[in-house]
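Coordinates as given in model_26.txt (compact mmCIF, N, CA and C atoms):
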```txt
# COMPACT_ATOMS: atom_id res chain seq x y z
N MET L 193 127.90 149.33 17.35
CA MET L 193 128.78 150.02 16.45
C MET L 193 128.86 151.50 16.79
N VAL L 194 127.74 152.09 17.21
CA VAL L 194 127.72 153.51 17.54
C VAL L 194 128.60 153.80 18.74
N SER L 195 128.58 152.91 19.75
CA SER L 195 129.41 153.17 20.93
C SER L 195 130.90 153.14 20.57
N PHE L 196 131.29 152.30 19.61
CA PHE L 196 132.68 152.28 19.17
C PHE L 196 133.03 153.53 18.38
N ALA L 197 132.11 154.01 17.59
CA ALA L 197 132.36 155.24 16.83
C ALA L 197 132.58 156.41 17.79
N ALA L 198 131.76 156.50 18.82
CA ALA L 198 131.91 157.58 19.80
C ALA L 198 133.21 157.41 20.59
N ALA L 199 133.55 156.16 20.96
CA ALA L 199 134.75 155.90 21.75
C ALA L 199 136.03 156.13 20.96
N ASN L 200 135.91 156.28 19.67
CA ASN L 200 137.05 156.57 18.81
C ASN L 200 137.52 158.02 18.98
N ASP L 201 136.68 158.84 19.58
CA ASP L 201 136.98 160.26 19.79
C ASP L 201 137.95 160.39 20.96
N ALA L 202 139.04 161.07 20.77
CA ALA L 202 140.08 161.21 21.80
C ALA L 202 139.58 161.91 23.06
N ARG L 203 138.46 162.60 22.99
CA ARG L 203 137.91 163.28 24.17
C ARG L 203 137.19 162.32 25.10
N ILE L 204 136.91 161.11 24.65
CA ILE L 204 136.19 160.13 25.46
C ILE L 204 137.14 159.51 26.48
N THR L 205 136.74 159.51 27.75
CA THR L 205 137.56 159.01 28.84
C THR L 205 137.47 157.49 28.98
N THR L 206 136.27 156.95 28.83
CA THR L 206 136.03 155.52 28.96
C THR L 206 134.78 155.17 28.17
N SER L 207 134.58 153.88 27.90
CA SER L 207 133.41 153.49 27.12
C SER L 207 132.88 152.14 27.59
N VAL L 208 131.59 151.93 27.29
CA VAL L 208 130.91 150.67 27.60
C VAL L 208 130.26 150.19 26.32
N HIS L 209 130.42 148.89 26.03
CA HIS L 209 129.90 148.30 24.81
C HIS L 209 129.10 147.06 25.19
N ILE L 210 127.77 147.14 25.07
CA ILE L 210 126.89 146.05 25.46
C ILE L 210 126.39 145.35 24.21
N SER L 211 126.88 144.15 23.99
CA SER L 211 126.50 143.35 22.80
C SER L 211 126.63 144.15 21.52
N GLY L 212 127.68 144.93 21.45
CA GLY L 212 127.94 145.71 20.25
C GLY L 212 129.35 145.47 19.79
N SER L 213 129.58 145.71 18.54
CA SER L 213 130.90 145.46 17.97
C SER L 213 131.28 146.60 17.04
N SER L 214 132.57 146.81 16.93
CA SER L 214 133.04 147.83 16.01
C SER L 214 132.89 147.35 14.57
N GLY L 215 132.89 146.06 14.38
CA GLY L 215 132.78 145.51 13.04
C GLY L 215 134.10 145.49 12.28
N PHE L 216 135.11 146.13 12.82
CA PHE L 216 136.40 146.20 12.12
C PHE L 216 137.57 146.24 13.08
N GLY L 217 137.34 145.86 14.31
CA GLY L 217 138.40 145.97 15.31
C GLY L 217 138.19 147.22 16.11
N THR L 218 139.08 147.50 17.01
CA THR L 218 138.87 148.63 17.91
C THR L 218 139.92 149.71 17.70
N ASN L 219 139.52 150.91 18.00
CA ASN L 219 140.41 152.06 18.01
C ASN L 219 139.98 152.94 19.18
N LEU L 220 140.04 152.37 20.37
CA LEU L 220 139.55 153.04 21.56
C LEU L 220 140.65 153.90 22.18
N HIS L 221 140.23 154.96 22.87
CA HIS L 221 141.20 155.88 23.49
C HIS L 221 141.27 155.75 25.00
N GLY L 222 140.36 155.03 25.60
CA GLY L 222 140.36 154.89 27.06
C GLY L 222 139.87 153.51 27.45
N PRO L 223 139.91 153.20 28.73
CA PRO L 223 139.47 151.90 29.21
C PRO L 223 138.06 151.57 28.72
N ALA L 224 137.82 150.28 28.48
CA ALA L 224 136.53 149.86 27.94
C ALA L 224 135.97 148.66 28.70
N LEU L 225 134.65 148.66 28.86
CA LEU L 225 133.90 147.52 29.37
C LEU L 225 133.16 146.93 28.20
N MET L 226 133.35 145.64 27.96
CA MET L 226 132.66 144.95 26.86
C MET L 226 131.87 143.79 27.45
N TYR L 227 130.61 143.72 27.10
CA TYR L 227 129.73 142.71 27.66
C TYR L 227 128.88 142.09 26.56
N CYS L 228 128.65 140.78 26.68
CA CYS L 228 127.75 140.10 25.74
C CYS L 228 127.07 138.94 26.45
N GLY L 229 126.01 138.46 25.81
CA GLY L 229 125.35 137.25 26.29
C GLY L 229 126.12 136.04 25.82
N GLU L 230 125.56 134.90 26.05
CA GLU L 230 126.24 133.64 25.79
C GLU L 230 126.48 133.39 24.30
N ASP L 231 127.68 132.94 23.99
CA ASP L 231 128.06 132.59 22.62
C ASP L 231 127.61 131.16 22.35
N THR L 232 126.46 131.02 21.73
CA THR L 232 125.92 129.69 21.41
C THR L 232 126.07 129.38 19.93
N GLY L 233 126.64 130.32 19.18
CA GLY L 233 126.76 130.13 17.75
C GLY L 233 125.51 130.53 16.98
N THR L 234 124.56 131.13 17.66
CA THR L 234 123.32 131.52 17.00
C THR L 234 123.57 132.61 15.95
N THR L 235 122.74 132.62 14.95
CA THR L 235 122.77 133.67 13.93
C THR L 235 121.45 134.45 13.93
N ASP L 236 120.62 134.18 14.94
CA ASP L 236 119.31 134.79 15.05
C ASP L 236 119.33 135.85 16.15
N LEU L 237 119.11 137.11 15.77
CA LEU L 237 119.12 138.22 16.71
C LEU L 237 118.13 138.01 17.85
N LEU L 238 117.03 137.34 17.59
CA LEU L 238 115.98 137.15 18.59
C LEU L 238 116.06 135.80 19.30
N ASP L 239 117.13 135.05 19.08
CA ASP L 239 117.29 133.75 19.72
C ASP L 239 117.28 133.94 21.24
N PRO L 240 116.37 133.29 21.96
CA PRO L 240 116.31 133.47 23.41
C PRO L 240 117.43 132.78 24.17
N LYS L 241 118.24 131.98 23.49
CA LYS L 241 119.26 131.20 24.19
C LYS L 241 120.69 131.65 23.93
N GLY L 242 120.90 132.68 23.16
CA GLY L 242 122.27 133.10 22.89
C GLY L 242 122.33 134.48 22.28
N ASP L 243 123.54 135.01 22.23
CA ASP L 243 123.78 136.36 21.73
C ASP L 243 124.50 136.29 20.39
N VAL L 244 123.83 136.71 19.35
CA VAL L 244 124.38 136.69 18.00
C VAL L 244 125.66 137.54 17.90
N MET L 245 125.81 138.53 18.75
CA MET L 245 126.97 139.42 18.69
C MET L 245 128.18 138.92 19.49
N ALA L 246 128.02 137.88 20.28
CA ALA L 246 129.09 137.42 21.16
C ALA L 246 130.43 137.18 20.44
N PRO L 247 130.47 136.49 19.31
CA PRO L 247 131.77 136.28 18.65
C PRO L 247 132.46 137.59 18.26
N LYS L 248 131.68 138.57 17.85
CA LYS L 248 132.27 139.85 17.45
C LYS L 248 132.77 140.63 18.66
N VAL L 249 132.03 140.56 19.77
CA VAL L 249 132.48 141.22 20.99
C VAL L 249 133.79 140.60 21.46
N LYS L 250 133.89 139.28 21.39
CA LYS L 250 135.13 138.60 21.77
C LYS L 250 136.29 139.05 20.89
N LYS L 251 136.04 139.20 19.61
CA LYS L 251 137.08 139.64 18.68
C LYS L 251 137.54 141.06 19.03
N ASP L 252 136.58 141.94 19.33
CA ASP L 252 136.94 143.30 19.72
C ASP L 252 137.79 143.31 20.98
N PHE L 253 137.47 142.44 21.94
CA PHE L 253 138.28 142.34 23.15
C PHE L 253 139.71 141.95 22.78
N GLU L 254 139.85 140.95 21.94
CA GLU L 254 141.19 140.49 21.55
C GLU L 254 141.98 141.59 20.84
N LEU L 255 141.31 142.43 20.07
CA LEU L 255 141.98 143.49 19.32
C LEU L 255 142.23 144.75 20.15
N SER L 256 141.56 144.86 21.27
CA SER L 256 141.68 146.07 22.09
C SER L 256 143.10 146.27 22.59
N LYS L 257 143.55 147.50 22.53
CA LYS L 257 144.89 147.84 23.01
C LYS L 257 144.85 148.69 24.27
N VAL L 258 143.64 148.98 24.76
CA VAL L 258 143.47 149.76 25.98
C VAL L 258 143.07 148.83 27.12
N PRO L 259 143.14 149.29 28.37
CA PRO L 259 142.64 148.45 29.47
C PRO L 259 141.18 148.08 29.20
N THR L 260 140.90 146.77 29.25
CA THR L 260 139.58 146.30 28.86
C THR L 260 139.11 145.19 29.78
N PHE L 261 137.83 145.26 30.13
CA PHE L 261 137.16 144.21 30.90
C PHE L 261 136.10 143.61 30.01
N PHE L 262 136.15 142.30 29.82
CA PHE L 262 135.20 141.57 28.99
C PHE L 262 134.40 140.62 29.87
N ALA L 263 133.08 140.58 29.68
CA ALA L 263 132.24 139.64 30.41
C ALA L 263 131.21 139.03 29.47
N GLU L 264 131.09 137.72 29.55
CA GLU L 264 130.07 136.98 28.80
C GLU L 264 129.18 136.29 29.83
N GLN L 265 127.87 136.47 29.70
CA GLN L 265 126.96 135.90 30.68
C GLN L 265 126.20 134.71 30.11
N ALA L 266 126.37 133.56 30.74
CA ALA L 266 125.66 132.35 30.33
C ALA L 266 124.16 132.56 30.44
N GLY L 267 123.44 132.08 29.45
CA GLY L 267 121.99 132.16 29.46
C GLY L 267 121.41 133.48 29.01
N ALA L 268 122.24 134.48 28.79
CA ALA L 268 121.75 135.79 28.35
C ALA L 268 121.73 135.85 26.83
N ASN L 269 120.73 136.51 26.30
CA ASN L 269 120.67 136.68 24.85
C ASN L 269 120.90 138.14 24.47
N HIS L 270 120.88 138.42 23.21
CA HIS L 270 121.18 139.77 22.72
C HIS L 270 120.18 140.81 23.23
N MET L 271 118.92 140.46 23.28
CA MET L 271 117.89 141.42 23.62
C MET L 271 117.77 141.69 25.12
N SER L 272 118.25 140.80 25.97
CA SER L 272 118.10 140.99 27.42
C SER L 272 119.35 141.56 28.07
N ASN L 273 120.39 141.78 27.32
CA ASN L 273 121.68 142.11 27.91
C ASN L 273 121.71 143.37 28.75
N PHE L 274 121.08 144.43 28.34
CA PHE L 274 121.18 145.67 29.10
C PHE L 274 120.68 145.48 30.53
N PHE L 275 119.60 144.75 30.68
CA PHE L 275 119.04 144.55 32.01
C PHE L 275 119.93 143.68 32.88
N ASN L 276 120.66 142.76 32.28
CA ASN L 276 121.53 141.86 33.03
C ASN L 276 122.79 142.54 33.54
N VAL L 277 123.25 143.57 32.89
CA VAL L 277 124.55 144.16 33.21
C VAL L 277 124.43 145.56 33.82
N ASN L 278 123.22 145.97 34.10
CA ASN L 278 122.96 147.32 34.60
C ASN L 278 123.89 147.75 35.73
N GLY L 279 124.03 146.94 36.79
CA GLY L 279 124.89 147.30 37.92
C GLY L 279 126.35 147.39 37.55
N ALA L 280 126.79 146.54 36.63
CA ALA L 280 128.18 146.57 36.19
C ALA L 280 128.49 147.87 35.46
N VAL L 281 127.56 148.35 34.66
CA VAL L 281 127.78 149.60 33.93
C VAL L 281 127.93 150.76 34.91
N ALA L 282 127.04 150.83 35.89
CA ALA L 282 127.12 151.90 36.90
C ALA L 282 128.44 151.81 37.66
N GLY L 283 128.82 150.58 38.06
CA GLY L 283 130.08 150.39 38.77
C GLY L 283 131.28 150.80 37.94
N TRP L 284 131.25 150.45 36.65
CA TRP L 284 132.36 150.81 35.74
C TRP L 284 132.52 152.33 35.68
N PHE L 285 131.43 153.03 35.47
CA PHE L 285 131.52 154.49 35.37
C PHE L 285 131.92 155.12 36.71
N ARG L 286 131.44 154.57 37.83
CA ARG L 286 131.85 155.12 39.13
C ARG L 286 133.35 154.95 39.34
N TRP L 287 133.89 153.79 38.92
CA TRP L 287 135.33 153.58 39.07
C TRP L 287 136.11 154.46 38.09
N GLN L 288 135.76 154.40 36.82
CA GLN L 288 136.52 155.09 35.79
C GLN L 288 136.39 156.62 35.85
N LEU L 289 135.22 157.12 36.16
CA LEU L 289 135.00 158.57 36.11
C LEU L 289 135.09 159.25 37.46
N ALA L 290 134.80 158.50 38.53
CA ALA L 290 134.82 159.13 39.87
C ALA L 290 135.92 158.56 40.76
N GLY L 291 136.66 157.57 40.27
CA GLY L 291 137.76 157.00 41.05
C GLY L 291 137.30 156.18 42.24
N ASP L 292 136.08 155.67 42.22
CA ASP L 292 135.51 154.90 43.33
C ASP L 292 136.26 153.57 43.46
N GLN L 293 137.06 153.45 44.53
CA GLN L 293 137.89 152.27 44.74
C GLN L 293 137.08 151.04 45.15
N VAL L 294 135.91 151.25 45.74
CA VAL L 294 135.03 150.12 46.07
C VAL L 294 134.52 149.49 44.77
N MET L 295 134.12 150.31 43.82
CA MET L 295 133.63 149.79 42.54
C MET L 295 134.75 149.15 41.72
N LYS L 296 135.97 149.59 41.92
CA LYS L 296 137.11 148.99 41.22
C LYS L 296 137.19 147.50 41.50
N LYS L 297 136.79 147.10 42.71
CA LYS L 297 136.85 145.69 43.11
C LYS L 297 135.90 144.82 42.31
N MET L 298 134.94 145.41 41.62
CA MET L 298 134.06 144.64 40.75
C MET L 298 134.81 144.12 39.53
N PHE L 299 135.93 144.78 39.16
CA PHE L 299 136.58 144.53 37.88
C PHE L 299 138.04 144.08 37.97
N VAL L 300 138.70 144.29 39.08
CA VAL L 300 140.14 144.05 39.16
C VAL L 300 140.46 142.96 40.18
N GLY L 301 141.39 142.08 39.80
CA GLY L 301 141.86 141.03 40.68
C GLY L 301 141.17 139.70 40.42
N PRO L 302 141.79 138.61 40.84
CA PRO L 302 141.25 137.27 40.57
C PRO L 302 139.92 137.01 41.28
N ASP L 303 139.66 137.73 42.34
CA ASP L 303 138.40 137.57 43.07
C ASP L 303 137.47 138.77 42.87
N CYS L 304 137.60 139.42 41.73
CA CYS L 304 136.76 140.59 41.49
C CYS L 304 135.28 140.21 41.55
N GLY L 305 134.45 141.17 41.87
CA GLY L 305 133.02 140.91 42.03
C GLY L 305 132.38 140.21 40.85
N LEU L 306 132.68 140.65 39.66
CA LEU L 306 132.10 140.02 38.47
C LEU L 306 132.82 138.73 38.11
N CYS L 307 134.08 138.61 38.49
CA CYS L 307 134.86 137.40 38.18
C CYS L 307 134.32 136.18 38.92
N THR L 308 133.74 136.39 40.06
CA THR L 308 133.25 135.29 40.88
C THR L 308 131.74 135.10 40.77
N ARG L 309 131.08 135.89 39.94
CA ARG L 309 129.63 135.77 39.77
C ARG L 309 129.32 134.52 38.96
N PRO L 310 128.44 133.66 39.48
CA PRO L 310 128.09 132.42 38.75
C PRO L 310 127.53 132.72 37.36
N GLY L 311 128.01 131.95 36.39
CA GLY L 311 127.51 132.09 35.03
C GLY L 311 128.21 133.15 34.19
N TRP L 312 129.19 133.82 34.75
CA TRP L 312 129.91 134.85 34.00
C TRP L 312 131.30 134.35 33.65
N THR L 313 131.70 134.56 32.41
CA THR L 313 133.07 134.31 31.97
C THR L 313 133.71 135.67 31.78
N VAL L 314 134.83 135.87 32.43
CA VAL L 314 135.46 137.19 32.45
C VAL L 314 136.89 137.10 31.93
N LYS L 315 137.29 138.11 31.16
CA LYS L 315 138.68 138.27 30.71
C LYS L 315 139.03 139.73 30.91
N THR L 316 140.27 139.97 31.25
CA THR L 316 140.72 141.36 31.39
C THR L 316 142.07 141.52 30.70
N LYS L 317 142.36 142.76 30.38
CA LYS L 317 143.71 143.08 29.89
C LYS L 317 144.07 144.48 30.35
N ASN L 318 145.27 144.58 30.87
CA ASN L 318 145.87 145.86 31.27
C ASN L 318 145.08 146.62 32.33
N LEU L 319 144.29 145.91 33.15
CA LEU L 319 143.58 146.57 34.26
C LEU L 319 144.38 146.39 35.52
N ASP L 320 144.49 147.45 36.32
CA ASP L 320 145.15 147.33 37.62
C ASP L 320 144.60 148.31 38.60
```
Show me this structure written as structure tokens.
Amino acid sequence: MVSFAAANDARITTSVHISGSSGFGTNLHGPALMYCGEDTGTTDLLDPKGDVMAPKVKKDFELSKVPTFFAEQAGANHMSNFFNVNGAVAGWFRWQLAGDQVMKKMFVGPDCGLCTRPGWTVKTKNLD
């Protein structure tokens, strides 16, 4: 929720949301990376087999009006997510903030680096 509150500020260039949700839809000003663990329907924050926040992250992706990359990782839970997506976060910021075209390939196109990673379900909107 905090990352969405900060990303609501017009001075923010881009944002990353790891297993977090706005709770009320999105009002982002720049491109966003949204990531969650597997949606198993769990309601337990400490469930080792799924991410309790996954349905809300999916909803935020659907409501997003800015360029957005969404990734759901099979087998990941809410508490392990940061460690699973570490490289993707660095790549996102290198592309968005430094214009790194090599890192762009992680997120754009049907054969993007994360799109072809086993166990990841990826959706994008307005990325090019």
Q.
Using only C-alpha atoms, can you tell me which of L:Asn200, L:Thr316, L:Thr206, L:Asn219 comes closest to Ser256 (chain L)?
A.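 With only C-alpha atoms as the atom set, the closest residue is L:Asn219.
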Q: Give the answer as one residue: which of L:Met245, L:Ala280, L:Ile204, L:Met295 has the shortest atom-to-atom distance to Leu225 (chain L), using only C-alpha atoms?
A: L:Ala280
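Near Pro259 (chain L), within 5 Å and counting only N, CA and C atoms, sit Pro223, Ala224, Lys317, Asn318 and Leu319 of chain L; same-chain residues fewer than 4 positions away were not included.
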**Q.** Distance criterion (only C-alpha atoms): nearest to Met226 (chain L) out of L:Leu289, L:Leu306, L:Ile210, L:Ala268
**A.**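 Closest to Met226 (chain L) of all the choices is L:Ile210.
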Q: From a DSSP calculation on the backbone, collect every residue of chain L in strand (DSSP E or B) and output the set as a ChimeraX atom specification.
A: /L:207-210,224-229,260-265,312-317
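Non-sequential neighbours of Leu220 (chain L) (distance at most 7 Å, separation of 2 or more positions within a chain, all atoms listed in the file) are Ala199, Asn200, Asp201, Gly217, Thr218, Gly222, Pro223, Ser256, Lys257 and Val258 of chain L.
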